[in-house]
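Working notes, structure below.
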Amino acid sequence: MPPFRRRGNKIKGVQLTLMVVGASGTGRTTFVNTLCESDVLSHKVCDTPQEAHAEEGIRIKGHNVELEEEGVRIALTIVDTPGFGDNIDNEFSFQEIVNYLERQYDDILAEQSRIKRNPRFKDSRVHALLYFIPPTGHALREMDVVLMQRLSPRVNVIPVIGRADSMTVGELRAFKKRIMEDISFHDIPIYNFPYDVEEDDEETIEENTELRNLLPFAIIGSEEEIDIDGEPVRARVYPWGVAEVDNPKHSDFGKLRSAILSTHLNDLKTLTEDVLYETYRTEKLSRGGNSDMRDSSILPEELATQSVRLKEEQLRREEEKLREIELRVQREINERRQELLAKEEALRHLESRLQAQGQNSPY
């Protein structure tokens with residue numbers, strides 16, 4: 001991913017769409033319920049042995065949740081993918097997820113192509129995808145590699161290890177290292193908390209470096225609270241002890257939650273808008289692939305001039321960015337000029353005082 005500067009969330013409310021993908025038993029459902037602090041997703045229940053082995057296939061579902069993070073209201077949409085990875089052949093599941101991501105891009109491409117846009121249109125593009133890797137302790141499976149390779153060009157993929165408390169500290173450290181080696185070897189462009197050493201400040205670089213070193217995030221989830229020293233704590237209780245969800249020594253949950261809901265939320269949205277969507281839009285228009293747009297109400301005249309309007313809009317955005325840069329540079333020059341004039345005035349005043357003192361001196 002190209003580097004983007006992290007921007008703060010200085011806004012009253014924001015919309016975020018998060019997709020979660022992982023096979024049954026990787027902790028996907030528990031993580032979402034822990035993240036949202038409510039029963040957003042239902043756990044899979046197999047009532048009879050006759051149904052336990054049934055392959056139902058993938059079903060993509062959206063769930064809307066209202067959250068608040070550090071005073072910012074977040075309209076969060078969780079896109080769940082129950083049934084993924086449960087079949088012998090998962091090719092259909094791969095394609096269904098890709099199709100879903102591209103349909104959201106198609107919808108906004110069609111909306112942007114209208115002369116008169118719908119003021120109630122909802123942008124449903126997925127800003128981040130958490131991919132749950134089973135805690136095998138070995139390496140990425142072929143299915144893991146293929147899925148992330150297919151999805152990374154369309155969405156910000158963040159790999160996580162579900163049920164990380166099933167591994168020892170040493171096993172987890174080695175597993176993380178091997179996963180990142182596999183991702184590097186297969187050249188999978190995951191979201192790795194990018195930064196620019198020339199543009200970003202030291203705090204941003206340090207924070208992003210720390211988060212990058214945590215990849216893939218080791219996650220523990222719990223929908224229950226226990227009492228520890230008189231305080232309610234989300235944790236998992238075992239015969240050997242307690243694994244606390246929000247304890248950084250036990251889990252990366254807190255760091256991941258803060259990143260996606262606060263510190264890097266705008267980065268994820270910016271990359272989706274300016275890189276992933278723009279790449280898809282360019283590919284779509286270069287193929288002339290607008291005939292399969294899902295909104296058939298677009299007039300032929302609109303489709304004929306769609307490419308020109310989109311290019312004009314892109315040029316307009318680039319011109320606005322250049323004007324902003326020009327104004328910022330001009331403002332900085334004016335500030336420096338004022339500082340220089342003030343220093344010159346102070347120097348002249350000092351010289352005048354010294355001359356006056358020299359004239360009044362009896363020597």
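Simple scheme: letters A, B, ... for chains in structure tokens order, numbers from 1 for residues in each chain, numbers from 1 for ligands in the order shown.
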
Write down as a PyMOL selection string the residues of stretch 88-288 of chain A whose backbone DSSP state falls under strand (DSSP E).
chain A and resi 128-133+157-161+217-218+225-228+231-238+241-244

For the selection you just gave me, I'd like the residues written to a file as a tab-separated table (two decimals), in the first residue's frame, keeping N, CA, C and O atoms.
```tsv
chain	number	residue	atom	x	y	z
A	128	ALA	N	-12.55	-2.06	5.75
A	128	ALA	CA	-11.53	-2.97	6.29
A	128	ALA	C	-12.12	-4.37	6.38
A	128	ALA	O	-13.31	-4.54	6.62
A	129	LEU	N	-11.26	-5.35	6.19
A	129	LEU	CA	-11.66	-6.75	6.29
A	129	LEU	C	-10.72	-7.45	7.26
A	129	LEU	O	-9.51	-7.48	7.05
A	130	LEU	N	-11.28	-7.98	8.32
A	130	LEU	CA	-10.50	-8.76	9.27
A	130	LEU	C	-10.58	-10.23	8.85
A	130	LEU	O	-11.67	-10.81	8.81
A	131	TYR	N	-9.42	-10.80	8.55
A	131	TYR	CA	-9.38	-12.21	8.15
A	131	TYR	C	-8.85	-13.03	9.31
A	131	TYR	O	-7.71	-12.84	9.75
A	132	PHE	N	-9.67	-13.95	9.80
A	132	PHE	CA	-9.34	-14.76	10.97
A	132	PHE	C	-8.58	-16.02	10.55
A	132	PHE	O	-9.12	-16.88	9.85
A	133	ILE	N	-7.34	-16.09	11.00
A	133	ILE	CA	-6.48	-17.23	10.70
A	133	ILE	C	-6.59	-18.24	11.83
A	133	ILE	O	-6.43	-17.87	13.01
A	157	VAL	N	-7.09	-5.48	3.91
A	157	VAL	CA	-7.10	-6.75	4.64
A	157	VAL	C	-6.19	-6.65	5.85
A	157	VAL	O	-5.02	-6.28	5.74
A	158	ILE	N	-6.75	-6.97	7.02
A	158	ILE	CA	-5.98	-7.01	8.26
A	158	ILE	C	-6.05	-8.43	8.80
A	158	ILE	O	-7.12	-8.88	9.22
A	159	PRO	N	-4.94	-9.17	8.79
A	159	PRO	CA	-4.97	-10.55	9.30
A	159	PRO	C	-4.95	-10.58	10.83
A	159	PRO	O	-4.25	-9.79	11.47
A	160	VAL	N	-5.75	-11.47	11.39
A	160	VAL	CA	-5.77	-11.66	12.85
A	160	VAL	C	-5.75	-13.15	13.14
A	160	VAL	O	-6.18	-13.98	12.33
A	161	ILE	N	-5.25	-13.50	14.31
A	161	ILE	CA	-5.25	-14.88	14.77
A	161	ILE	C	-6.36	-15.03	15.79
A	161	ILE	O	-6.33	-14.39	16.85
A	217	PHE	N	-2.66	-9.58	14.37
A	217	PHE	CA	-3.11	-9.36	15.74
A	217	PHE	C	-3.58	-10.67	16.38
A	217	PHE	O	-4.33	-11.43	15.77
A	218	ALA	N	-3.13	-10.91	17.59
A	218	ALA	CA	-3.55	-12.09	18.35
A	218	ALA	C	-4.77	-11.71	19.18
A	218	ALA	O	-4.67	-10.87	20.08
A	225	GLU	N	-18.23	-11.30	31.65
A	225	GLU	CA	-17.36	-10.53	32.53
A	225	GLU	C	-17.20	-11.27	33.86
A	225	GLU	O	-18.12	-11.91	34.33
A	226	ILE	N	-16.00	-11.16	34.43
A	226	ILE	CA	-15.75	-11.72	35.74
A	226	ILE	C	-15.26	-10.62	36.66
A	226	ILE	O	-14.86	-9.54	36.19
A	227	ASP	N	-15.29	-10.87	37.93
A	227	ASP	CA	-14.86	-9.88	38.91
A	227	ASP	C	-13.39	-10.10	39.27
A	227	ASP	O	-13.01	-11.17	39.72
A	228	ILE	N	-12.57	-9.06	39.01
A	228	ILE	CA	-11.15	-9.11	39.38
A	228	ILE	C	-10.85	-7.87	40.21
A	228	ILE	O	-10.93	-6.74	39.72
A	231	GLU	N	-13.50	-5.22	40.13
A	231	GLU	CA	-13.80	-4.58	38.85
A	231	GLU	C	-14.28	-5.63	37.85
A	231	GLU	O	-13.70	-6.73	37.77
A	232	PRO	N	-15.33	-5.31	37.05
A	232	PRO	CA	-15.78	-6.25	36.02
A	232	PRO	C	-14.77	-6.27	34.86
A	232	PRO	O	-14.40	-5.23	34.33
A	233	VAL	N	-14.32	-7.44	34.48
A	233	VAL	CA	-13.31	-7.59	33.44
A	233	VAL	C	-13.77	-8.63	32.44
A	233	VAL	O	-14.22	-9.73	32.82
A	234	ARG	N	-13.67	-8.29	31.14
A	234	ARG	CA	-13.99	-9.26	30.10
A	234	ARG	C	-12.83	-10.26	30.01
A	234	ARG	O	-11.69	-9.86	29.78
A	235	ALA	N	-13.17	-11.52	30.22
A	235	ALA	CA	-12.09	-12.51	30.28
A	235	ALA	C	-12.63	-13.90	30.00
A	235	ALA	O	-13.85	-14.14	29.99
A	236	ARG	N	-11.69	-14.81	29.77
A	236	ARG	CA	-12.01	-16.23	29.61
A	236	ARG	C	-11.36	-16.98	30.77
A	236	ARG	O	-10.16	-16.81	31.04
A	237	VAL	N	-12.15	-17.79	31.44
A	237	VAL	CA	-11.67	-18.49	32.63
A	237	VAL	C	-11.31	-19.94	32.26
A	237	VAL	O	-12.09	-20.65	31.63
A	238	TYR	N	-10.11	-20.35	32.68
A	238	TYR	CA	-9.62	-21.70	32.41
A	238	TYR	C	-9.20	-22.33	33.74
A	238	TYR	O	-9.00	-21.62	34.73
A	241	GLY	N	-6.09	-20.62	34.88
A	241	GLY	CA	-6.05	-19.18	35.14
A	241	GLY	C	-7.05	-18.42	34.30
A	241	GLY	O	-8.03	-18.98	33.79
A	242	VAL	N	-6.79	-17.12	34.11
A	242	VAL	CA	-7.71	-16.22	33.42
A	242	VAL	C	-6.98	-15.51	32.28
A	242	VAL	O	-5.85	-15.04	32.46
A	243	ALA	N	-7.62	-15.45	31.11
A	243	ALA	CA	-7.10	-14.68	29.97
A	243	ALA	C	-7.98	-13.46	29.78
A	243	ALA	O	-9.16	-13.59	29.45
A	244	GLU	N	-7.42	-12.26	29.99
A	244	GLU	CA	-8.18	-11.02	29.94
A	244	GLU	C	-8.16	-10.44	28.52
A	244	GLU	O	-7.10	-10.29	27.91
```

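Counting only C-alpha atoms, stretch 149-153 of chain A has the following residues at most 7 Å away, ignoring those fewer than 6 positions along the same chain: Val98, Ile188, Pro189, Ile190 and Leu276 of chain A.
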
Given the selection you just returned, output its residues as a file containing N, CA and C atoms, formatted as a short mmCIF file (atom, residue, chain, number, x, y, z; two decimals), in the first residue's frame.
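Okay, this is what ended up in part11.cif:
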```
data_model
loop_
_atom_site.label_atom_id
_atom_site.label_comp_id
_atom_site.auth_asym_id
_atom_site.auth_seq_id
_atom_site.Cartn_x
_atom_site.Cartn_y
_atom_site.Cartn_z
N VAL A 98 -15.64 -11.50 -3.25
CA VAL A 98 -15.14 -10.54 -4.24
C VAL A 98 -16.30 -9.83 -4.93
N ILE A 188 1.58 -10.40 -0.60
CA ILE A 188 0.18 -10.06 -0.34
C ILE A 188 0.13 -8.65 0.25
N PRO A 189 -0.50 -7.69 -0.43
CA PRO A 189 -0.51 -6.29 0.05
C PRO A 189 -1.57 -6.05 1.13
N ILE A 190 -1.33 -6.57 2.32
CA ILE A 190 -2.25 -6.34 3.42
C ILE A 190 -2.14 -4.89 3.89
N LEU A 276 -8.12 2.08 -3.51
CA LEU A 276 -8.82 0.85 -3.89
C LEU A 276 -9.98 1.12 -4.84
#
```

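The shortest atom-to-atom distance to A:Leu109, with only C-alpha atoms taken into account, belongs to A:Arg125 out of A:Arg125, A:Phe92, A:His43, A:Ile78.
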
List as a count of residues only the protein and nucleic acid residues near A:Glu66, meaning an atom at most 8 Å away when only C-alpha atoms are counted, but skip any in the same chain fewer than 3 places from it.
4

Would you please extract all helix (DSSP H, G or I) residues from stretch 214-286 of chain A, as assigned by DSSP on the backbone, and give them as a ChimeraX atom specification?
/A:214,253-263,265-286

Nearest to A:Thr30 by atom-to-atom distance, counting only C-alpha atoms, from A:His63, A:Glu223, A:Glu56, A:Tyr105:
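Smallest separation from A:Thr30 among the options: A:Glu223.
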
Just how far from atom CA of A:Pro216 is atom CA of A:Arg178, in Å to one decimal?
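Pair atom CA of A:Arg178 / atom CA of A:Pro216 returns 10.2 Å.
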
For A:Leu261, which residue among A:Gly71, A:Gly22, A:Gly62, A:Gly221 is the nearest when counting only C-alpha atoms?
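Of the candidates, the smallest distance to A:Leu261 is held by A:Gly71.
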